[in-house]
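Visitor: Here it is, the structure, as structure tokens.
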Amino acid sequence: MATEFTRRIYEETSKIPCGCVASYGMIALLAGNPRGARAVGFALHRNPRPGEIPCHRVVFRDGSLCSGFAFGGPDVQRALLEKENVPFLPDGRVDMKRCAWYGGTRGSPAP
């Protein structure tokens with residue numbers, strides 16, 4: 001049985017729009033535990049509803065992809081994001097300035 005925090009992780013991750021990404025830390029913050037980024041990774045690794053909960057849209061805060069992406073590795077994660085027109089930088093990281101999602105907004109957060 002999932003904890004309340006895990007349930008909220010899945011709920012917040014499900015809200016990330018196509019073409020956007022969120023960081024593990026942002027999902028933790030939105031789910032109510034700003035220091036729970038590692039727990040977000042653990043919960044998404046055990047995603048009970050792949051395809052419904054878009055865990056491929058969660059990346060590290062610098063736009064790096066997770067080397068242990070649960071559903072096939074970083075190449076699969078990148079392919080899924082590219083299919084959604086998520087922009088990448090030349091070094092292989094997601095362009096967070098252009099497509100980061102902050103719980104209702106896209107792009108750089110307000111100061």
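Going through the structure tokens in order, the chains are called A, B, and so on, while each chain numbers its residues from 1 and the ligands are numbered from 1 in the order shown.
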Just the residues within 8 Å of stretch 4-13 of chain A, please, counting only C-alpha atoms, with nothing from its chain fewer than 6 positions along; format it as an MDAnalysis selection string.

Guide: chainID A and resid 27:28 30:33 40 43:44 47 53:55 57:58 103

Visitor: Could you save those same residues with all heavy atoms as a compact mmCIF listing (two decimals), in the first residue's frame?

Guide:
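Dumped everything to result_2.txt:
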```txt
# COMPACT_ATOMS: atom_id res chain seq x y z
N ILE A 27 8.85 17.91 -7.78
CA ILE A 27 7.76 16.98 -7.47
C ILE A 27 7.69 16.76 -5.96
O ILE A 27 6.60 16.74 -5.38
CB ILE A 27 7.94 15.65 -8.23
CG1 ILE A 27 7.81 15.87 -9.75
CG2 ILE A 27 6.94 14.60 -7.75
CD1 ILE A 27 6.47 16.43 -10.21
N ALA A 28 8.84 16.64 -5.31
CA ALA A 28 8.85 16.48 -3.85
C ALA A 28 8.19 17.68 -3.18
O ALA A 28 7.37 17.53 -2.27
CB ALA A 28 10.28 16.30 -3.35
N LEU A 30 6.02 19.86 -4.48
CA LEU A 30 4.59 19.88 -4.78
C LEU A 30 3.82 18.80 -4.03
O LEU A 30 2.65 18.98 -3.69
CB LEU A 30 4.36 19.72 -6.29
CG LEU A 30 4.86 20.87 -7.16
CD1 LEU A 30 4.82 20.48 -8.64
CD2 LEU A 30 4.05 22.13 -6.92
N ALA A 31 4.50 17.70 -3.73
CA ALA A 31 3.86 16.60 -3.01
C ALA A 31 3.90 16.79 -1.50
O ALA A 31 3.35 15.98 -0.76
CB ALA A 31 4.52 15.27 -3.39
N GLY A 32 4.55 17.87 -1.04
CA GLY A 32 4.51 18.20 0.37
C GLY A 32 5.74 17.88 1.19
O GLY A 32 5.74 18.03 2.41
N ASN A 33 6.82 17.46 0.55
CA ASN A 33 8.06 17.17 1.28
C ASN A 33 9.24 17.71 0.48
O ASN A 33 9.83 17.00 -0.32
CB ASN A 33 8.22 15.67 1.51
CG ASN A 33 9.46 15.34 2.31
OD1 ASN A 33 10.28 16.19 2.61
ND2 ASN A 33 9.61 14.07 2.64
N VAL A 40 11.05 10.58 -4.24
CA VAL A 40 10.37 10.71 -5.52
C VAL A 40 10.97 9.72 -6.52
O VAL A 40 10.26 8.98 -7.19
CB VAL A 40 10.44 12.15 -6.07
CG1 VAL A 40 9.94 12.22 -7.51
CG2 VAL A 40 9.66 13.10 -5.18
N ALA A 43 9.87 6.21 -5.63
CA ALA A 43 8.46 5.97 -5.96
C ALA A 43 8.27 5.83 -7.47
O ALA A 43 7.53 4.95 -7.93
CB ALA A 43 7.60 7.10 -5.42
N LEU A 44 8.93 6.69 -8.24
CA LEU A 44 8.75 6.63 -9.69
C LEU A 44 9.39 5.38 -10.28
O LEU A 44 8.91 4.85 -11.30
CB LEU A 44 9.30 7.89 -10.36
CG LEU A 44 8.56 9.17 -10.01
CD1 LEU A 44 9.18 10.36 -10.72
CD2 LEU A 44 7.07 9.07 -10.32
N ASN A 47 6.75 2.84 -10.35
CA ASN A 47 5.52 3.36 -10.96
C ASN A 47 4.51 2.23 -11.20
O ASN A 47 4.75 1.34 -12.00
CB ASN A 47 5.87 4.04 -12.29
CG ASN A 47 4.69 4.68 -12.98
OD1 ASN A 47 3.55 4.51 -12.59
ND2 ASN A 47 4.98 5.40 -14.04
N ILE A 53 1.12 7.38 -15.51
CA ILE A 53 1.93 8.29 -14.71
C ILE A 53 3.21 8.54 -15.50
O ILE A 53 4.03 7.63 -15.63
CB ILE A 53 2.26 7.70 -13.33
CG1 ILE A 53 0.98 7.42 -12.54
CG2 ILE A 53 3.17 8.65 -12.54
CD1 ILE A 53 1.19 6.61 -11.28
N PRO A 54 3.39 9.73 -16.06
CA PRO A 54 4.51 9.96 -16.98
C PRO A 54 5.84 10.21 -16.27
O PRO A 54 6.39 11.31 -16.29
CB PRO A 54 4.05 11.20 -17.75
CG PRO A 54 3.23 11.96 -16.75
CD PRO A 54 2.53 10.90 -15.94
N CYS A 55 6.37 9.17 -15.64
CA CYS A 55 7.61 9.32 -14.88
C CYS A 55 8.79 9.71 -15.76
O CYS A 55 9.77 10.27 -15.26
CB CYS A 55 7.91 8.07 -14.07
SG CYS A 55 8.10 6.60 -15.04
N ARG A 57 8.93 12.16 -17.54
CA ARG A 57 8.97 13.62 -17.53
C ARG A 57 9.65 14.20 -16.29
O ARG A 57 9.66 15.41 -16.10
CB ARG A 57 7.56 14.19 -17.66
CG ARG A 57 6.91 13.87 -18.99
CD ARG A 57 5.53 14.45 -19.11
NE ARG A 57 4.90 13.99 -20.34
CZ ARG A 57 3.60 13.84 -20.50
NH1 ARG A 57 2.77 14.14 -19.50
NH2 ARG A 57 3.12 13.40 -21.64
N VAL A 58 10.21 13.34 -15.45
CA VAL A 58 10.90 13.81 -14.25
C VAL A 58 12.40 13.59 -14.46
O VAL A 58 12.84 12.49 -14.80
CB VAL A 58 10.41 13.08 -12.99
CG1 VAL A 58 11.12 13.60 -11.75
CG2 VAL A 58 8.90 13.25 -12.84
N GLY A 103 4.56 23.27 -11.48
CA GLY A 103 3.26 23.12 -10.84
C GLY A 103 2.24 24.11 -11.34
O GLY A 103 1.57 24.77 -10.56
```

Visitor: Excluding A:Leu65 and residues on its chain fewer than 2 positions from it, collect all residues at most 8 Å away from it, counting only C-alpha atoms, and give them as a count of residues only.

Guide: 10

Visitor: From stretch 21-91 of chain A, collect each residue whose DSSP state is alpha helix (DSSP H) and return the set as a PDB file with C-alpha atoms, in the first residue's frame.

Guide:
```pdb
ATOM      1  CA  TYR A  24      12.641  15.323  -8.652  1.00  0.00           C
ATOM      2  CA  GLY A  25      12.902  18.168  -6.147  1.00  0.00           C
ATOM      3  CA  MET A  26       9.974  20.055  -7.670  1.00  0.00           C
ATOM      4  CA  ILE A  27       7.762  16.977  -7.474  1.00  0.00           C
ATOM      5  CA  ALA A  28       8.850  16.481  -3.846  1.00  0.00           C
ATOM      6  CA  LEU A  29       7.971  20.106  -3.066  1.00  0.00           C
ATOM      7  CA  LEU A  30       4.588  19.882  -4.784  1.00  0.00           C
ATOM      8  CA  ALA A  37      13.655  14.180  -3.944  1.00  0.00           C
ATOM      9  CA  ARG A  38      15.205  10.747  -3.381  1.00  0.00           C
ATOM     10  CA  ALA A  39      11.840   9.376  -2.276  1.00  0.00           C
ATOM     11  CA  VAL A  40      10.365  10.709  -5.524  1.00  0.00           C
ATOM     12  CA  GLY A  41      12.958   8.751  -7.497  1.00  0.00           C
ATOM     13  CA  PHE A  42      12.231   5.616  -5.500  1.00  0.00           C
ATOM     14  CA  ALA A  43       8.464   5.968  -5.959  1.00  0.00           C
ATOM     15  CA  LEU A  44       8.753   6.626  -9.693  1.00  0.00           C
ATOM     16  CA  HIS A  45      11.039   3.623 -10.095  1.00  0.00           C
ATOM     17  CA  PRO A  74      18.277   7.092 -20.404  1.00  0.00           C
ATOM     18  CA  ASP A  75      18.078   6.426 -24.144  1.00  0.00           C
ATOM     19  CA  VAL A  76      14.448   5.342 -23.810  1.00  0.00           C
ATOM     20  CA  GLN A  77      13.679   8.298 -21.540  1.00  0.00           C
ATOM     21  CA  ARG A  78      15.261  10.694 -24.041  1.00  0.00           C
ATOM     22  CA  ALA A  79      13.335   9.139 -26.941  1.00  0.00           C
ATOM     23  CA  LEU A  80      10.052   9.533 -25.038  1.00  0.00           C
ATOM     24  CA  LEU A  81      10.851  13.177 -24.275  1.00  0.00           C
ATOM     25  CA  GLU A  82      11.966  13.913 -27.842  1.00  0.00           C
ATOM     26  CA  LYS A  83       8.678  12.437 -29.083  1.00  0.00           C
TER      27      LYS A  83
END
```

Visitor: What is the distance, in Å and to one decimal place, between atom CA of A:Val86 and atom CA of A:Arg35?

Guide: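 Those two atoms sit 26.4 Å apart.
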
Visitor: Which residue gives the smallest distance to A:Lys97 among A:Arg46, A:Ala22, A:Glu52, A:Lys15, with only C-alpha atoms counted?

Guide: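 Using only C-alpha atoms, A:Lys97 sits closest to A:Ala22.
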